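Q: Sharing a structure with you now.
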Amino acid sequence: MPKQRPTQDNSDMSDLDLEAQAPESALEEGKVFDYITGKQVKETDKERVRQRIARAIIHEYGIAAEDMEPDFKVKLHGKNRKIDIAIFKPGQPHTEDNLYRAVVVEKEPKIGTKGAYRMRDPEEARKEFELLETVMAEVDSCDYGLWTNGLEFFFFKKEVTRFDTKFKPIGDWPLGDDTFSVEGRSMGRLRRAEPEMLRIAFRRCHNYIHGNEGMPKDAAFWQFLYLIFCKMYDEQQPNEARQFWVGAFEPFDPAGREQIRKRIKPLFEAVKKKYHGLFKGNEEITLSDRALAFIVSELARYDFGRTDVDAKGTAYQEIVGTNLRGDRGQYFTPRGAIRLVVQMLAPKEHERVLDSSCGTGGFLVETLNYLNKQFQEEKRVKAGEENTDEFLSIRERLASYTANKLFGADFDPFLVRAAQMNVMMASNSLGHLYHMNSLEFPRGDLPGVQPARDHMPLGSIDVLMTNPPFGSDIPVTEKTILEQYELARRWERQGDGFVMGNAIKPAVSPEVLFIERCVKWLKPGGRMGIVLPDGILGNPGDEFIRYWILRHCWVLASIDLPVESFIVEANVNILTSLLFLKRKPEEVIQAEDLGQKQDYPVFMAVAEKVGFDRRGNTLYKRHPDGEEILIDVTVEEKVRRGGKLETRILHRKERILDDDLPEIAKAYAEFRANNLEPGP
């Protein structure tokens with residue numbers, strides 16, 4: 001059947017609720033929209049940092065865009081100097097007398113060949129603050145300052161005495177209503193993380209451990225994860241028992257750092273006791289007081305429970321991807337492909353989901369993200385706008401699903417542990433993740449085999465999604481494994497089909513065996529999505545594999561992915577496809593063997609663009625003349641006033657990511673609306 005690329009319904013171009021869709025307009029080459037003013041500005045390395053910071057100031061701190069101004073001129077010693085971002089007292093004219101906070105931005109530093117940047121403390125970076133300190137000293141009303149290069153963030157509070165003006169380093173700025181999010185224990189003061197800033201915070205933490213503590217990357221990774229677990233556990237405690245917090249000035253004082261350690265040490269001991277199946281018990285936080293204070297300060301300000309599941313997963317995956325890549329064909333699945341698989345399989349709350357090669361948990365966490373959005377839609381609430389009862393109800397449903405319906409397995413014990421932490425961060429619960437060889441199961445001696453036999457035997461899964469290790473360079477040769485599989489035997493053509501012989505091949509590529517294992521893990525009528533190298537679906541020598549698949553399954557869909565999908569995120573130059581199958585009941589197989597076959601439509605698509613090129617550069621849709629296409633969107637922004645959040649409606653222009661995968665997901669939903677799945 002020829003593959004046809006689906007068309008998109010242009011009336012549904014954004015997930016945002018649009019008041020009205022304005023005509024598309026164009027963005028000049030080399031320009032970006034300023035997040036504060038909406039005007040086009042030249043795109044430079046420094047400008048990219050400034051736009052990131054402006055977005056965070058609005059979304060994380062709750063400061064209104066109309067109380068901000070880029071490139072604000074201040075007269076210093078008779079000369080005009082520009083402040084990259086000036087923040088004024090709420091609702092007041094933009095004059096020096098009303099300047100309340102000042103931001104100085106520099107371009108992001110280049111990361112060395114070792115992949116680490118040594119983070120400086122305020123004293124080491126003192127010479128960078130000349131402009132900022134001069135502005136704060138000369139403008140009486142300017143109480144707070146921030147200097148950043150996108151990777152380092154230095155916050156200051158001005159203290160004026162009779163004899164001197166000091167600029168004290170501070171862990172974070174207050175929010176828009178002058179309350180702090182890191183000091184004290186109230187969850188009400190924590191804030192939802194802006195996705196890009198959470199990603200940067202994770203990078204900063206890992207960078208600090210690796211670059212400043214001299215730890216190897218993998219050791220730095222686990223130290224960081226221990227503290228992530230402490231943070232998640234602490235958020236589940238009542239306010240009066242919470243320990244994962246820092247005072248505003250504690251990170252910069254030896255006595256303050258010591259107090260932070262005194263709070264974190266018993267907290268980690270409690271974590272190890274509660275999650276004894278995940279920890280051996282002898283783990284220790286070996287960071288210096290300075291590093292520990294830095295990381296706790298970075299993480300403490302955020303409410304992880306209310307932060308978007310996808311934002312946490314993206315930030316986590318970036319850190320994981322640079323530390324735990326394996327050498328046994330383990331290629332981490334691109335997030336776009338993961339999201340497409342989950343959307344097309346559309347798991348339900350009552351269905352058991354398994355990833356038989358779970359890696360760091362990408363498919364499992366995206367399943368939780370998908371269900372979380374479904375729960376919010378059921379209650380007709382938007383993320384971040386739930387009241388406490390709604391939030392707790394959704395969180396409990398997600399945690400219950402994870403504890404009862406979410407399963408994963410991997411041969412690499414470190415990946416299983418990393419995946420479990422990823423799942424925990426997404427849902428506040430541990431899933432059923434097992435260290436075992438999925439191809440050897442239900443045999444094997446690894447520690448996850450017996451609990452997996454008890455909780456997820458073959459034939460018990462509703463939805464399976466996986467990206468198995470593949471490649472002829474890592475063949476399976478163990479006879480005790482091969483003898484379990486029909487596809488490990490030699491097949492001979494007979495008429496229009498094939499017959500299976502008794503002889504077992506000496507070596508078989510793992511992806512071939514994974515097809516059979518995954519199908520056998522499904523219940524009759526269960527659905528699966530699997531990433532496969534293109535050869536299996538096209539090579540003449542693999543025709544018996546396709547025959548076996550068609551005999552045991554209905555083919556729901558096949559999606560061709562471009563090479564960019566894996567070359568950027570997994571550094572693998574290979575063409576792949578997504579194959580979606582539904583297991584046939586035994587009585588259907590027997591009836592079809594007797595000639596009672598029924599035709600059914602199969603969805604097929606080719607993805608040509610995935611939002612980035614081979615170098616990882618983001619791609620946006622363009623007009624025929626080459627200019628980037630823009631649409632007007634209506635967005636809600638929340639501003640803090642008097643301890644409360646006010647919602648404002650703003651109109652912004654946005655570029656459109658040149659990514660076929662969301663369009664394919666929509667086209668598949670339309671296809672299924674008009675064509676029911678084959679089988680019962």
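Numbering starts fresh at 1 for the residues of each chain in the structure tokens, the chains themselves are lettered A, B, ... in the order given, and ligands are numbered from 1 as they appear.
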Which residues are close to segment 71-83 of chain A, i.e. within 9 Å by only C-alpha atoms, leaving aside same-chain residues fewer than 4 positions away? Reply as a ChimeraX atom specification.
A: /A:94,96,102-105,131-132,134-135,138-139
Q: Could you pull the residues within 6 Å of segment 433-437 of chain A, counting only C-alpha atoms, minus those fewer than 6 positions along the same chain, as a VMD selection string?
A: chain A and resid 407 to 411 413 446 448 to 449
Q: So, with only C-alpha atoms as the atoms that count, which of A:Phe671, A:Phe332, A:Tyr35, A:Phe514 lies closest to His59 of chain A?
A: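 Looking only at the distances to His59 of chain A, the closest residue turns out to be A:Tyr35.
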Q: Just want the 12 Å neighbourhood of Thr477 of chain A, counted on only C-alpha atoms, with same-chain residues fewer than 6 positions away dropped. Output as a list in words.
A: Leu439, Glu440, Glu483, Ala488, Ile504, Lys505, Pro506, Ala507, Val508, Ser509, Pro510 and Leu513 of chain A
Q: Write to file, as a short mmCIF file (atom, residue, chain, number, x, y, z; two decimals), in the first residue's frame, the residues of the selection just made, with C-alpha atoms.
A:
data_model
loop_
_atom_site.label_atom_id
_atom_site.label_comp_id
_atom_site.auth_asym_id
_atom_site.auth_seq_id
_atom_site.Cartn_x
_atom_site.Cartn_y
_atom_site.Cartn_z
CA LEU A 439 14.00 -11.32 26.03
CA GLU A 440 14.88 -14.00 28.61
CA GLU A 483 14.63 -21.47 21.81
CA ALA A 488 14.50 -17.33 16.00
CA ILE A 504 17.18 -22.50 15.54
CA LYS A 505 19.40 -19.80 14.08
CA PRO A 506 22.74 -19.27 15.86
CA ALA A 507 22.21 -15.50 16.16
CA VAL A 508 19.26 -13.14 15.79
CA SER A 509 19.09 -9.34 16.00
CA PRO A 510 17.37 -8.31 19.24
CA LEU A 513 12.87 -11.12 19.08
#
Q: Have a look at atom CA of Arg417 of chain A and atom CA of Phe363 of chain A and let me know their distance in Å, one decimal.
A: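 Between atom CA of Arg417 of chain A and atom CA of Phe363 of chain A the gap works out to 15.2 Å.
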